[in-house]
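Dropping run.pdb in here (PDB, C-alpha atoms):
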ATOM      1  CA  MET P   1      -4.251 -11.390   4.426
ATOM      2  CA  SER P   2      -1.968 -14.190   3.297
ATOM      3  CA  THR P   3       0.811 -13.569   0.791
ATOM      4  CA  GLU P   4       0.700 -17.199  -0.330
ATOM      5  CA  PRO P   5      -0.966 -17.783  -3.702
ATOM      6  CA  ARG P   6      -4.286 -19.616  -3.696
ATOM      7  CA  ILE P   7      -4.065 -23.207  -4.871
ATOM      8  CA  ASN P   8      -6.512 -25.887  -6.043
ATOM      9  CA  ASP P   9      -9.895 -25.683  -4.255
ATOM     10  CA  ARG P  10      -9.141 -22.255  -2.748
ATOM     11  CA  ILE P  11      -9.496 -20.602  -6.155
ATOM     12  CA  ARG P  12     -13.050 -19.196  -6.064
ATOM     13  CA  VAL P  13     -13.656 -17.704  -9.509
ATOM     14  CA  PRO P  14     -15.791 -19.147 -12.319
ATOM     15  CA  GLU P  15     -13.053 -19.168 -14.973
ATOM     16  CA  VAL P  16      -9.287 -18.663 -15.219
ATOM     17  CA  ARG P  17      -6.635 -18.109 -17.870
ATOM     18  CA  LEU P  18      -4.683 -21.363 -17.723
ATOM     19  CA  VAL P  19      -0.969 -21.805 -18.341
ATOM     20  CA  GLY P  20       0.321 -25.343 -18.827
ATOM     21  CA  PRO P  21       3.157 -26.979 -16.884
ATOM     22  CA  ASN P  22       5.691 -26.102 -19.598
ATOM     23  CA  GLY P  23       4.570 -22.472 -19.907
ATOM     24  CA  GLU P  24       2.228 -23.000 -22.866
ATOM     25  CA  GLN P  25      -0.999 -20.983 -23.004
ATOM     26  CA  VAL P  26      -4.049 -23.242 -22.704
ATOM     27  CA  GLY P  27      -6.561 -20.372 -22.737
ATOM     28  CA  ILE P  28      -9.557 -19.322 -20.667
ATOM     29  CA  VAL P  29     -11.198 -22.364 -19.075
ATOM     30  CA  ARG P  30     -13.658 -23.062 -16.266
ATOM     31  CA  VAL P  31     -12.104 -23.630 -12.858
ATOM     32  CA  GLU P  32     -13.566 -27.139 -12.620
ATOM     33  CA  ASP P  33     -11.909 -28.118 -15.929
ATOM     34  CA  ALA P  34      -8.586 -26.622 -14.811
ATOM     35  CA  LEU P  35      -8.731 -28.572 -11.542
ATOM     36  CA  LYS P  36      -9.505 -31.776 -13.483
ATOM     37  CA  LEU P  37      -6.480 -31.158 -15.768
ATOM     38  CA  ALA P  38      -4.306 -30.578 -12.673
ATOM     39  CA  GLN P  39      -5.482 -33.823 -11.049
ATOM     40  CA  ASP P  40      -4.910 -35.793 -14.263
ATOM     41  CA  ALA P  41      -1.344 -34.454 -14.547
ATOM     42  CA  ASP P  42      -0.783 -34.992 -10.783
ATOM     43  CA  LEU P  43       0.001 -31.281 -10.364
ATOM     44  CA  ASP P  44      -1.474 -28.328  -8.477
ATOM     45  CA  LEU P  45      -3.469 -25.435  -9.894
ATOM     46  CA  VAL P  46      -1.713 -22.303  -8.580
ATOM     47  CA  GLU P  47      -3.058 -18.762  -8.947
ATOM     48  CA  VAL P  48      -0.122 -16.766 -10.340
ATOM     49  CA  ALA P  49      -1.738 -13.373 -11.059
ATOM     50  CA  ALA P  50      -4.828 -12.794  -8.939
ATOM     51  CA  GLN P  51      -5.326  -9.178 -10.096
ATOM     52  CA  ALA P  52      -5.718 -10.076 -13.783
ATOM     53  CA  ARG P  53      -9.180 -10.488 -15.307
ATOM     54  CA  PRO P  54      -9.674 -13.447 -15.452
ATOM     55  CA  PRO P  55      -7.018 -14.547 -12.916
ATOM     56  CA  VAL P  56      -4.004 -16.384 -14.344
ATOM     57  CA  CYS P  57      -3.401 -19.902 -12.999
ATOM     58  CA  LYS P  58      -0.600 -22.319 -13.764
ATOM     59  CA  LEU P  59      -0.290 -26.085 -13.516
ATOM     60  CA  MET P  60       2.767 -26.849 -11.383
ATOM     61  CA  ASP P  61       4.095 -28.877  -8.475
ATOM     62  CA  TYR P  62       3.452 -26.376  -5.674
ATOM     63  CA  GLY P  63       5.782 -28.032  -3.138
ATOM     64  CA  LYS P  64       8.674 -27.930  -5.583
ATOM     65  CA  PHE P  65       7.822 -24.304  -6.456
ATOM     66  CA  LYS P  66       7.875 -23.263  -2.767
ATOM     67  CA  TYR P  67      11.177 -25.070  -2.190
ATOM     68  CA  GLU P  68      12.852 -23.429  -5.201
ATOM     69  CA  SER P  69      11.603 -19.956  -4.252
ATOM     70  CA  ALA P  70      12.923 -20.465  -0.693
ATOM     71  CA  GLN P  71      16.292 -21.504  -2.154
ATOM     72  CA  LYS P  72      16.396 -18.373  -4.337
ATOM     73  CA  ALA P  73      15.547 -16.164  -1.356
ATOM     74  CA  ARG P  74      18.280 -17.798   0.739
ATOM     75  CA  GLU P  75      20.813 -17.369  -2.086
ATOM     76  CA  SER P  76      19.954 -13.691  -2.527
ATOM     77  CA  ARG P  77      20.338 -13.107   1.231
ATOM     78  CA  ARG P  78      23.733 -14.787   1.177
ATOM     79  CA  ASN P  79      24.897 -12.568  -1.697
ATOM     80  CA  GLN P  80      23.854  -9.395   0.112
ATOM     81  CA  GLN P  81      26.686  -7.419   1.554
ATOM     82  CA  LEU P  82      26.186  -6.041   5.028
ATOM     83  CA  THR P  83      27.678  -2.570   5.340
ATOM     84  CA  VAL P  84      29.264  -1.961   8.700
ATOM     85  CA  ILE P  85      30.348   1.510   9.751
ATOM     86  CA  LYS P  86      33.186   1.522  12.246
ATOM     87  CA  GLU P  87      33.932   4.701  14.175
ATOM     88  CA  GLN P  88      37.291   6.149  15.133
ATOM     89  CA  LYS P  89      37.412   9.138  17.491
ATOM     90  CA  LEU P  90      40.244  11.660  17.553
ATOM     91  CA  ARG P  91      41.013  14.908  19.338
ATOM     92  CA  PRO P  92      42.431  18.037  17.631
ATOM     93  CA  LYS P  93      45.590  18.037  19.791
ATOM     94  CA  ILE P  94      46.426  14.377  19.139
ATOM     95  CA  ASP P  95      50.052  13.340  19.563
ATOM     96  CA  LYS P  96      52.019  12.018  16.569
ATOM     97  CA  HIS P  97      52.257   8.442  17.859
ATOM     98  CA  ASP P  98      48.586   8.357  18.879
ATOM     99  CA  TYR P  99      47.653   9.622  15.416
ATOM    100  CA  GLU P 100      49.685   6.836  13.784
ATOM    101  CA  THR P 101      47.989   4.235  15.982
ATOM    102  CA  LYS P 102      44.508   5.551  15.140
ATOM    103  CA  ARG P 103      45.460   5.728  11.448
ATOM    104  CA  GLY P 104      46.477   2.056  11.654
ATOM    105  CA  HIS P 105      43.069   1.178  13.118
ATOM    106  CA  VAL P 106      41.312   3.078  10.317
ATOM    107  CA  ARG P 107      43.468   1.312   7.723
ATOM    108  CA  ARG P 108      42.641  -2.095   9.256
ATOM    109  CA  PHE P 109      38.897  -1.334   9.216
ATOM    110  CA  LEU P 110      39.045  -0.248   5.578
ATOM    111  CA  GLU P 111      41.056  -3.289   4.507
ATOM    112  CA  GLY P 112      38.372  -5.410   6.186
ATOM    113  CA  GLY P 113      35.846  -3.872   3.794
ATOM    114  CA  ASN P 114      34.102  -1.642   6.356
ATOM    115  CA  LYS P 115      33.298   2.032   6.112
ATOM    116  CA  VAL P 116      34.847   4.255   8.755
ATOM    117  CA  LYS P 117      33.341   7.318  10.390
ATOM    118  CA  VAL P 118      36.157   9.484  11.756
ATOM    119  CA  THR P 119      35.034  11.864  14.493
ATOM    120  CA  ILE P 120      37.044  14.774  15.865
ATOM    121  CA  MET P 121      35.791  15.731  19.325
ATOM    122  CA  PHE P 122      36.231  19.358  20.391
ATOM    123  CA  ARG P 123      36.178  20.447  24.035
ATOM    124  CA  GLY P 124      36.168  23.905  25.554
ATOM    125  CA  ARG P 125      38.252  26.442  23.636
ATOM    126  CA  GLU P 126      39.046  23.904  20.922
ATOM    127  CA  GLN P 127      35.593  24.640  19.494
ATOM    128  CA  SER P 128      36.777  28.061  18.355
ATOM    129  CA  ARG P 129      39.431  26.399  16.107
ATOM    130  CA  PRO P 130      37.536  24.008  13.809
ATOM    131  CA  GLU P 131      40.238  24.389  11.154
ATOM    132  CA  LEU P 132      42.534  22.224  13.314
ATOM    133  CA  GLY P 133      40.083  19.356  13.065
ATOM    134  CA  TYR P 134      39.548  19.964   9.360
ATOM    135  CA  ARG P 135      43.305  19.821   8.699
ATOM    136  CA  LEU P 136      43.605  16.647  10.766
ATOM    137  CA  LEU P 137      40.852  14.949   8.757
ATOM    138  CA  GLN P 138      42.414  16.096   5.479
ATOM    139  CA  ARG P 139      45.776  14.690   6.582
ATOM    140  CA  LEU P 140      44.152  11.372   7.477
ATOM    141  CA  ALA P 141      42.363  11.241   4.103
ATOM    142  CA  GLU P 142      45.677  11.856   2.304
ATOM    143  CA  ASP P 143      47.525   9.255   4.397
ATOM    144  CA  ILE P 144      45.073   6.478   3.560
ATOM    145  CA  GLY P 145      44.105   7.719   0.083
ATOM    146  CA  ASP P 146      45.568   4.564  -1.483
ATOM    147  CA  ILE P 147      42.882   2.318   0.055
ATOM    148  CA  ALA P 148      39.986   4.703   0.746
ATOM    149  CA  VAL P 149      37.867   7.464  -0.712
ATOM    150  CA  VAL P 150      36.127  10.227   1.195
ATOM    151  CA  GLU P 151      32.432   9.401   1.029
ATOM    152  CA  ALA P 152      31.230  12.293   3.207
ATOM    153  CA  ALA P 153      33.408  15.398   3.438
ATOM    154  CA  PRO P 154      34.310  16.772   6.882
ATOM    155  CA  LYS P 155      31.439  18.679   8.444
ATOM    156  CA  GLN P 156      30.926  20.303  11.823
ATOM    157  CA  ASP P 157      28.099  18.945  13.936
ATOM    158  CA  GLY P 158      27.978  20.742  17.269
ATOM    159  CA  ARG P 159      31.059  19.770  19.273
ATOM    160  CA  ASN P 160      32.107  17.126  16.736
ATOM    161  CA  MET P 161      33.436  17.140  13.198
ATOM    162  CA  THR P 162      32.842  13.967  11.184
ATOM    163  CA  MET P 163      34.037  12.470   7.924
ATOM    164  CA  VAL P 164      33.086   9.104   6.393
ATOM    165  CA  LEU P 165      35.643   7.010   4.514
ATOM    166  CA  ALA P 166      34.761   4.085   2.269
ATOM    167  CA  PRO P 167      37.144   1.417   0.974
ATOM    168  CA  THR P 168      38.042   1.631  -2.691
ATOM    169  CA  LYS P 169      36.701  -1.245  -4.731
ATOM    170  CA  LYS P 170      39.598  -3.559  -5.408
ATOM    171  CA  PRO P 171      39.268  -6.986  -7.028
ATOM    172  CA  VAL P 172      40.802  -8.741  -4.005
ATOM    173  CA  GLY P 173      39.960 -12.249  -5.216
ATOM    174  CA  ARG P 174      41.585 -11.787  -8.626
ATOM    175  CA  LYS P 175      45.059 -10.810  -7.493
ATOM    176  CA  PRO P 176      46.033 -14.217  -6.068
ATOM    177  CA  ALA P 177      44.515 -15.960  -9.091
ATOM    178  CA  ALA P 178      46.610 -13.816 -11.447
ATOM    179  CA  ALA P 179      49.718 -14.618  -9.418
ATOM    180  CA  ALA P 180      48.896 -18.332  -9.562
ATOM    181  CA  THR P 181      48.506 -18.260 -13.347
ATOM    182  CA  SER P 182      51.765 -16.370 -13.779
ATOM    183  CA  ASP P 183      53.554 -18.894 -11.527
ATOM    184  CA  ALA P 184      52.074 -21.907 -13.313
ATOM    185  CA  PRO P 185      54.020 -21.487 -16.587
ATOM    186  CA  VAL P 186      57.259 -20.984 -14.659
ATOM    187  CA  GLU P 187      56.751 -24.248 -12.773
ATOM    188  CA  ALA P 188      55.870 -26.036 -16.030
ATOM    189  CA  GLU P 189      59.130 -24.878 -17.637
ATOM    190  CA  ALA P 190      61.269 -25.861 -14.645
TER     191      ALA P 190
END

Could you show the structure in this file as structure tokens?
Amino acid sequence: MSTEPRINDRIRVPEVRLVGPNGEQVGIVRVEDALKLAQDADLDLVEVAAQARPPVCKLMDYGKFKYESAQKARESRRNQQLTVIKEQKLRPKIDKHDYETKRGHVRRFLEGGNKVKVTIMFRGREQSRPELGYRLLQRLAEDIGDIAVVEAAPKQDGRNMTMVLAPTKKPVGRKPAAAATSDAPVEAEA
């Protein structure tokens, strides 16, 4: 079944509730009269609400309507934000320098606006000491607490312990604008 509304001769009901081109209510009229009005105004008769009794039809330029709705759909897709989850894997016995490197990667992902899933992988006897992984994740959360919030607390999942970090919402675009406005009066005075 088509999702497109029925237009002009495809409307197969005896009478419709007609809405004029400017949104004014014309009333309930026969389909033949509505089609005649549409032809006289050089517009299309478009079925807007097929489920209503009688169906609601509107006089409009259907090509222009389709173009504008496609533009709106494209605009809404452009304004959507795609959430990307990056993953960083650690081990419980990670060395200090390795930890700092991994922390830098996590910080870079968060500053890029991505969520980060931090995974601690346990092997062998390490599985009997999950508190080591928990402390490591807590330390990481504290170290990057200025730019991130813990979205999912650390939890054990078999041989792995995971935690999800999300970037804090900062008005990134406003900071440079505020700096530019504060610099502008200084340049004007000089």

> Could you pull the residues within 12 Å of P:Gly104, counting all atoms listed in the file, minus those fewer than 4 positions along the same chain, as a ChimeraX atom specification?
Replying inline: /P:88,97-100,108-111,140,143-144

Go ahead and save the picked residues with C-alpha atoms, as a short mmCIF file (atom, residue, chain, number, x, y, z; two decimals), keeping the file's coordinate frame.
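Output contents, as saved in again-v2.cif:
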data_model
loop_
_atom_site.label_atom_id
_atom_site.label_comp_id
_atom_site.auth_asym_id
_atom_site.auth_seq_id
_atom_site.Cartn_x
_atom_site.Cartn_y
_atom_site.Cartn_z
CA GLN P 88 37.29 6.15 15.13
CA HIS P 97 52.26 8.44 17.86
CA ASP P 98 48.59 8.36 18.88
CA TYR P 99 47.65 9.62 15.42
CA GLU P 100 49.68 6.84 13.78
CA ARG P 108 42.64 -2.10 9.26
CA PHE P 109 38.90 -1.33 9.22
CA LEU P 110 39.04 -0.25 5.58
CA GLU P 111 41.06 -3.29 4.51
CA LEU P 140 44.15 11.37 7.48
CA ASP P 143 47.52 9.26 4.40
CA ILE P 144 45.07 6.48 3.56
#

>> Can you measure atom CA of P:Ala141 to atom CA of P:Ser128 for me? One decimal in Å is fine.
In response: 22.7 Å

> Counting all atoms listed in the file, which of P:Lys58, P:Arg53, P:Arg107, P:Lys115 gets nearest to P:Leu82?
Replying inline: P:Lys115

> Near stretch 8-24 of chain P, within 8 Å and counting all atoms listed in the file, which residues show up once chain neighbours fewer than 5 positions away are dropped, as a list in words?
Replying inline: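 Near neighbours after the sequence-gap exclusion: Val29, Arg30, Val31, Ala34, Leu35, Asp44, Leu45, Val46, Glu47, Pro54, Pro55, Val56, Cys57, Lys58, Leu59 and Met60 of chain P.
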
>> Measuring between only C-alpha atoms, which one of P:Lys72, P:Asp146, P:Leu136, P:Gly158 shows the shortest distance to P:Arg123?
In response: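 Ranking P:Lys72, P:Asp146, P:Leu136, P:Gly158 by distance to P:Arg123, first place goes to P:Gly158.
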
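Closest to P:Lys66 among P:Glu4, P:Arg159, P:Asn114, P:Arg125 is P:Glu4, based on only C-alpha atoms.
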
>> Which residues, named as in the file, does the PyMOL selection byres ((chain P and resi 156) around 10) pick out? Answer as a PyMOL selection string.
In response: chain P and resi 119-120+127+130+133-134+154-155+157-163

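Look at everything within 7 Å of (-3.0, -14.7, -5.1) using all atoms listed in the file, and the residues you get are Glu4, Pro5, Arg6, Glu47, Val48, Ala49 and Ala50 of chain P.
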
> At what distance in Å, to one decimal, does atom CA of P:Lys93 lie from atom CA of P:Met121?
Replying inline: 10.1 Å

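Here atom CA of P:Gly112 stands at a distance of 12.8 Å from atom CA of P:Leu165.
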
> Nearest to P:Lys117 among P:Lys64, P:Arg135, P:Lys96, P:His105, with distances taken over all atoms listed in the file: which residue is it?
Replying inline: P:His105

>> With distances taken over all atoms listed in the file, which residue among P:Gln138, P:Thr101, P:Thr168, P:Gln51 lies nearest P:Lys89?
In response: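 Nearest candidate to P:Lys89 out of P:Gln138, P:Thr101, P:Thr168, P:Gln51: P:Thr101.
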
> Which is closer to P:Ala166 than all the others in P:Arg139, P:Lys102, P:Lys86, P:Arg129, using only C-alpha atoms?
Replying inline: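 Smallest distance to P:Ala166 is found for P:Lys86.
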